[in-house]
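See structure below.
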Protein chains: 2
Amino acid sequence: MDTLRGSCVVGQSGGPTAVINSSAAGIIISALEHDEITHVYAMENGIVGLLEDRLFDCAKESIDELKLLRYTPSSALGSCRYKLAEYTDDDSDYRRILEIFIKYDIRYFFYIGGNDSMDTCNKISKFMQNVGYECRIIGVPKTIDNDLFGTDHCPGFGTAAKFIATVTAEISKDNQVYGTKSVVVIEAMGRNAGWLAASAALASVIGDGPDLVYLPENVFSVDRFISDVRALSEQKNSIIAVVSEGVRNNEGRFISEYGSTLSKQKDVFGHAQMGGLAATLAGYINSQTGLKTRGIELSLLQRASAHIMSGRDSEEAYRVGVDAVRYATVGHSDVMVAFERELKEEYCCKTLLRPLVEVANKERLLPQQYINRQKNNITDEFIKYALPLIEGNIDYPKKNGLPVYAKLKKMI
Amino acid sequence: MDTLRGSCVVGQSGGPTAVINSSAAGIIISALEHDEITHVYAMENGIVGLLEDRLFDCAKESIDELKLLRYTPSSALGSCRYKLAEYTDDDSDYRRILEIFIKYDIRYFFYIGGNDSMDTCNKISKFMQNVGYECRIIGVPKTIDNDLFGTDHCPGFGTAAKFIATVTAEISKDNQVYGTKSVVVIEAMGRNAGWLAASAALASVIGDGPDLVYLPENVFSVDRFISDVRALSEQKNSIIAVVSEGVRNNEGRFISEYGSTLSKQKDVFGHAQMGGLAATLAGYINSQTGLKTRGIELSLLQRASAHIMSGRDSEEAYRVGVDAVRYATVGHSDVMVAFERELKEEYCCKTLLRPLVEVANKERLLPQQYINRQKNNITDEFIKYALPLIEGNIDYPKKNGLPVYAKLKKMI
């Protein structure tokens with residue numbers, strides 16, 4: 001395989017995770033060590049920054065700060081949500097990208113993101129092949145949603161799952177103290193795929209798992225939910241229900257959207273109450289059963305929770321970055337780095353490559369064998385799948401008990 | 001001082017914290033070692049369990065499980081919210097308590113709780129003195145609210161403050177990724193005292209503190225809030241505002257009450273159950289300014305967050321338990337164990353005793369020198385006060401990356 005000399009550029013796209021910077025660190029630090037990579041640039045705010053010529057030179061960052069990226073949540077390079085048109089419809093963005101590639105002699109393009117980002121990679125790759133510009137385009141997986149196609153799991157999911165399982169256990173303990181009947185509804189992210197809500201059930205390993213788990217993979221019935229809660233409340237005092245934000249009724253309508261019709265509440269300013277799904281369902285259970293209820297939306301905390309980073313997730317996020325560079329320098333392009341789990345007693349995942357065209361714009365939902373027959377909790381098979389992903393702890397650098405994050409200079 | 005031989009009983013009361021079990025462990029483990037304490041009992045669900053003769057024998061618990069209490073959030077003995085009548089009005093509860101004290105030969109009473117619990121201790125103590133039953137009653141401080149009178153700070157606050165500061169920093173990082181204007185409103189607990197909301201500002205030590213902090217100690221004006229946000233949005237993209245659930249308007253009305261609450265639940269004291277302030281304010285900012293907003297209520301997570309326990313808080317919570325037993329066995333009664341900070345360069349707190357009558361039913365608000373002149377953030381003096389309380393980390397026992405909690409047998 002011919003050596004391709006030139007610059008590389010790395011970018012982050014889509015919603016942040018606690019370990020997306022670990023992948024960036026893996027790419028940057030290993031790219032700086034590769035002789036054929038002459039310059040290592042980063043895009044500010046992903047492809048948008050590239051289009052606006054907002055690159056910075058990673059060689060000007062101190063290595064200590066680059067290493068701190070491994071413990072820094074959110075997208076330190078800056079992120080974007082930007083969908084490229086098909087270049088056959090409108091090639092202006094692509095011509096601009098080519099201009100930037102030529103300006104900086106960019107021959108390696110690493111893009112860390114989810115489904116949409118793989119689509120971006122795929123489109124750029126096709127265009128560059130078409131115009132005969134030699135470069136290698138590699139997608140690096142990232143999403144707390146764990147819904148990327150063609151990979152055993154996604155970096156970012158393990159830490160989010162660990163946070164969700166841990167706080168579910170803590171909330172469960174909290175809800176037991178008075179010995180009175182009480183229902184907590186916890187809302188996890190996941191618009192179409194229920195991996196995050198399901199991961200609350202990992203707390204069952206320590207005896208504090210949720211009683212009920214509802215996922216977007218199955219139709220959600222409010223009546224069924226109430227009857228599940230009613231039945232449980234006859235057996236026990238503390239009930240913990242975890243609901244994915246994406247649950248829909250039998251017409252495919254998001255429950256979170258018709259929340260106001262359940263509650264008919266307006267706030268003092270006259271707006272329909274836009275409280276989340278958890279608050280809506282908690283209020284509705286209370287009105288139907290008289291039980292004391294509380295809704296808790298985990299919100300941004302679940303995707304930013306670097307303070308409880310999964311050791312395995314952190315290591316793997318770094319590894320996909322390092323491997324992306326390695327694969328690119330030996331000639332691969334037009335691929336996403338993916339995980340394949342080996343069938344061993346002990347957990348073991350190796351990286352391999354998937355063609356971008358196979359993963360772009362697809363979603364991997366929770367398979368039905370991970371969901372129980374009643375569609376209100378998960379199975380042991382899911383626990384077996386997800387548990388290894390939350391293991392291991394990170395002793396992150398601290399100052400006065402608080403985490404120390406990377407500060408990048410972002411200079412060109 | 002005469003040695004008083006007899007049993008002791010320990011109970012927990014009020015809202016749980018991440019370290020209230022650490023105090024219970026301190027009391028139980030050291031009481032088991034004291035020769036004059038013949039039996040160590042615990043009340044299930046505090047004074048309510050005592051009245052119902054629901055005690056269990058701590059000697060029947062394994063020492064390993066008792067040690068695990070130090071890492072277990074929430075009130076493992078069970079808690080209650082129960083207000084004793086004045087015995088001059090109705091002494092039936094008191095006579096029942098005396099009956100139980102006699103039945104088990106209880107001579108030592110340790111009660112871990114906040115303002116209301118100190119009132120309970122005080123009332124029982126007065127009654128027992130009145131009827132001439134010799135016993136020693138000690139209050140052990142606990143509250144995430146940090147509003148107990150007569151002590152430098154309260155066990156439970158440090159861990160809650162550490163969680164709040166850490167997730168504020170994480171949310172701040174998350175809110176910066178797109179480089180677009182965006183406001184996050186974080187709601188912290190604290191009905192009358194702003195210690196918890198203020199503690200978000202500890203994140204300023206690592207450069208990720210909130211832009212605005214509003215506390216119940218000062219009148220909250222929605223208009224003023226909007227104008228603060230507007231002014232900031234002209235200077236920067238990401239704005240983080242932290243609001244205490246207890247903020248009130250100039251008529252003394254809770255903003256949260258005329259905001260949301262899908263249900264009209266009240267707690268046993270008749271207080272309207274709060275919640276939804278963050279979502280209400282976020283929605284209002286959006287309607288007034290057009291800025292993208294998000295409301296995040298930290299909810300139970302802030303009082304249950306054992307996974308990010310402050311090492312100092314954990315150690316001190318244990319110490320007040322151990323010291324309570326020590327003070328009781330040398331003859332003290334009718335007192336609460338308190339912290340006094342020594343005026344040294346390095347943080348140093350010793351325990352001392354405060355008469356219950358001085359601390360019961362009082363609230364310690366944030367002094368005005370901890371709040372800035374504009375009443376929309378805190379001062380460096382507060383940082384200096386609170387920072388030592390969140391320092392130090394705990395490497396808690398884990399199974400598959402999840403915390404391992406104590407399991408008590410609760411046998412008599």
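The way I read the labels, and the way they are meant: chains A, B, ... in the order of the structure tokens, residue 1 as the first residue of every chain, and ligand 1 as the first ligand shown, with later ones counted on from there.
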List every residue of stretch 72-229 of chain B that DSSP, applied to the backbone of this structure, assigns to alpha helix (DSSP H), and report them as JSON, numbers by chain. {"B": [92, 93, 94, 95, 96, 97, 98, 99, 100, 101, 102, 103, 104, 115, 116, 117, 118, 119, 120, 121, 122, 123, 124, 125, 126, 127, 128, 129, 130, 131, 157, 158, 159, 160, 161, 162, 163, 164, 165, 166, 167, 168, 169, 170, 171, 172, 173, 174, 195, 196, 197, 198, 199, 222, 223, 224, 225, 226, 227, 228, 229]}
Can you check which residues of chain B have any atom within 7 Å of chain A? Use only C-alpha atoms and format it as a ChimeraX atom specification. /B:16,45,73-75,78-80,166-167,170-171,173-174,177-178,206,258-260,262-263,276,279,296,299-301,304-305,387,390-393,400-402,404
Residue nearest B:Leu352 among B:Leu55, B:Met189, B:Ile164, B:Val140 (counting only C-alpha atoms):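 Comparing B:Leu55, B:Met189, B:Ile164, B:Val140 against B:Leu352, the winner is B:Val140.
Using only C-alpha atoms, the contacts of stretch 32-34 of chain B at a cut-off of 8 Å, with sequence neighbours closer than 5 positions omitted, comprise His39, Val40 and Ala59 of chain B.
Coordinates place atom CA of A:Glu345 at a distance of 24.7 Å from atom CA of A:Asp323.
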Could you tell me, as number ranges by chain, which residues of stretch 210-394 of chain B DSSP assigns to strand (DSSP E) when given the backbone? B: 212-214, 238-244, 292-297, 335-341, 349-355
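For the pair chain A and chain B, the all-Cα root-mean-square deviation following least-squares superposition comes to 3.5 Å.
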Can you tell me how far atom CA of A:Glu65 sits from atom CA of A:Ala406, in Å to one decimal?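 Value for the atom CA of A:Glu65-atom CA of A:Ala406 distance: 5.0 Å.
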Rank A:Glu187, A:Glu52, A:Glu381, A:Asp93 by their smallest atom-to-atom distance to A:Val213, using only C-alpha atoms, and report the top residue only.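 Under the stated criterion, the closest residue is A:Glu187.
Across the structure, atom CA of A:Phe157 and atom CA of A:Asp116 are spaced 17.0 Å apart.
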Calculated over only C-alpha atoms, which of the candidates A:Ser244, A:Ser314, A:Asn218, A:Asn146 has the smallest distance to A:Gln374?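 Among the listed residues, A:Asn218 lies closest to A:Gln374.
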